[in-house]
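One structure below.
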2 protein chains.
Amino acid sequence: MYAVAQPKDQPFQQADDFALNQMGGPHLVATYKAGREVYAEGDSIEKCYKVDTGAVRVYRLLSDGRRQVVSFHLPGEIFGFEAGSNHCFFAEAITETTLAVFGRRHMQERSRDLLALALAGMARAQQHLLVIGRQCAVERIAAFLIDLCERQGGCRQLRLPMSRQDIADYLGLTIETVSRVVTKLKARSVISLKDARTIDIVRPDALRSLCN
Amino acid sequence: MYAVAQPKDQPFQQADDFALNQMGGPHLVATYKAGREVYAEGDSIEKCYKVDTGAVRVYRLLSDGRRQVVSFHLPGEIFGFEAGSNHCFFAEAITETTLAVFGRRHMQERSRDLLALALAGMARAQQHLLVIGRQCAVERIAAFLIDLCERQGGCRQLRLPMSRQDIADYLGLTIETVSRVVTKLKARSVISLKDARTIDIVRPDALRSLCN
DNA sequence: CGGAATCTTGACCAAGTTCAAGCGGTGTGG
DNA sequence: CCACACCGCTTGAACTTGGTCAAGATTCCG
């Protein structure tokens, strides 16, 4: 039996905030409203999660409120595993999100898969280090858009589930810089925007050449 | 039988550049001169390494030569495992270094340990993301010194095996900025320098409070 | 001793941040 | 239904941090 994916008590959020269904397989499905916490820094690590629909951000805070988003997770991606026995990060649903929840037993049984996931997570973080440590604002945004595009299936049309602030905190920039760079890419007709969250990659080659 | 830890042919480097000795355990020991490559981007992943003495830097390059050092490895630390079947990074000995070399078979046998290592590596990279993405130059240097200090056993005396350039490329700064910050910390008598590579942490509390 | 690295310092510059205001869509209450 | 407040996003102007370029100091070695 797995523990139900019970979010911590949050008095002013309704119970319909999430829903759980027993699934055929060895997991449950939980639904989270936009902004809802999946786990918090310090929580013990009990489960890991596979995004079914929606999107999740994983981040850390400094004492003065600065935030670093370390990863976004889109449908099909697995997150929630960390070193040690307690989370060092916060995870939140960005939009309305449904997650498949896997318990501890499942993680132990699948430790071979978990190794591959951990190695991939390490590679992803290290790649991100290069982007943040050594690339300028335009390069960071270009790399971000390309990465997101590939993870959404390589289509030219791109739907951003996250806000400009989320992107800024992911790329180590400010919201204003993100906005300005997007405007600049639009002006050069590398991309076009239907609205702020819907991006069309007009010249993928140009975008690719921008991120070195 | 394990393959000998044979570095790739490098015509103008001498054979005495490295030495191999059969050990009691399931590994060999290899010695690398300062600057010697351990593996290169693109090499197939055959082994992993445990630092015995010396230090190693792991890094990636952009096409225009910008470099991001993703990790340093000090005695006792293990590196060389990555996702996929080929290295995405370069690894080089910083100073004269001896490494214990573990072959593929050993890695498979110890996949449980490898999982812990991979999770720790991911945590380390993600922590580093926060530092590079959201902290200013002084905070980065302070965090770097504290981290290094703890990994060398928590002693106040600190020996830097790496150059200012290595530190700059690790922290996403320039060599000049690293130098200026070190000078500033010295001026505030948070640290004192015996020489450029030997740092004494005079006020550990002050250093700690600098990195938030 | 001479030459090459490595490190430090200074002056100037530019990328990105900060601060402030405005825009546009959405939801709410009178 | 409209007015209004709110939120996320954009834009502009001034400012700051860290980068660039250049020169000098120090250390390391042959």
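Ligands are numbered from 1 in the order shown, residues from 1 within each chain, and chains are lettered A, B, ... in the order they appear in the structure tokens.
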Point to revise | stretch 75-145 of chain A: residues DSSP assigns to helix (DSSP H, G or I), reported as a PyMOL selection string | key: chain A and resi 104-109+111-134+137-145
For chain B against chain D, with a cut-off of 9 Å and counting only C-alpha atoms (C1' of nucleotides), what is the closest atom pair and its distance in Å to one decimal for every residue that makes the cut, ordered by chain and number, as a Markdown table?
| residue | atom | partner | partner_atom | distance |
| --- | --- | --- | --- | --- |
| B:Cys136 | CA | D:DT17 | C1' | 8.5 |
| B:Ala137 | CA | D:DG18 | C1' | 8.1 |
| B:Leu173 | CA | D:DG18 | C1' | 8.0 |
| B:Thr174 | CA | D:DG19 | C1' | 7.4 |
| B:Glu176 | CA | D:DG19 | C1' | 8.7 |
| B:Thr177 | CA | D:DG18 | C1' | 7.1 |
Exercise for review: Select residues of chain C: the criterion is any atom within 12 Å of an atom of chain A, counting only C-alpha atoms (C1' of nucleotides); output as a count of residues only.
Suggested key: 7
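With only C-alpha atoms (C1' of nucleotides) taken into account, the protein and nucleic acid residues at most 12 Å from B:Arg124 (excluding it and anything under 3 positions from it in its own chain) are Val70, Glu82, Ala83, Cys88, Gly121, Met122, Ala123, Ala125, Gln126 and Leu129 of chain A; Val70, Ser71, Phe72, His73, Leu117, Ala118, Leu119, Ala120, Gly121, Gln127, His128, Leu129, Leu130, Val131 and Asp147 of chain B.
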Practice item. May I have all residues of stretch 7-212 of chain B that DSSP, computed from the backbone, assigns to strand (DSSP E), given as JSON, numbers by chain? Key: {"B": [20, 21, 22, 27, 28, 29, 30, 31, 32, 37, 38, 39, 48, 49, 50, 51, 52, 53, 56, 57, 58, 59, 60, 61, 67, 68, 69, 70, 71, 72, 73, 78, 79, 90, 91, 92, 93, 97, 98, 99, 100, 101, 102, 157, 158, 159, 191, 192, 193, 194, 195, 198, 199, 200, 201]}
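Using only C-alpha atoms for every distance, the candidate list A:Tyr39, A:Tyr59, A:Phe102, A:Phe144 yields A:Tyr59 as the residue closest to chain B.
With only C-alpha atoms as the atoms that count, the minimum distance from chain B to the choices A:His87, A:Lys47, A:Lys186, A:Arg203 is reached by A:His87.
The residue that comes closest to chain B, out of A:Glu37, A:Glu150, A:Asp113, A:Glu96 and on the basis of only C-alpha atoms, is A:Asp113.
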Review point. Pick the closest to A:Arg134 from A:Met162, A:Leu171, A:Val56, A:Ala30: which is it, counting only C-alpha atoms?
Key: A:Leu171
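Taking atom CA of B:Asp166 and atom CA of B:Arg57 as endpoints, the distance between them is 8.1 Å.
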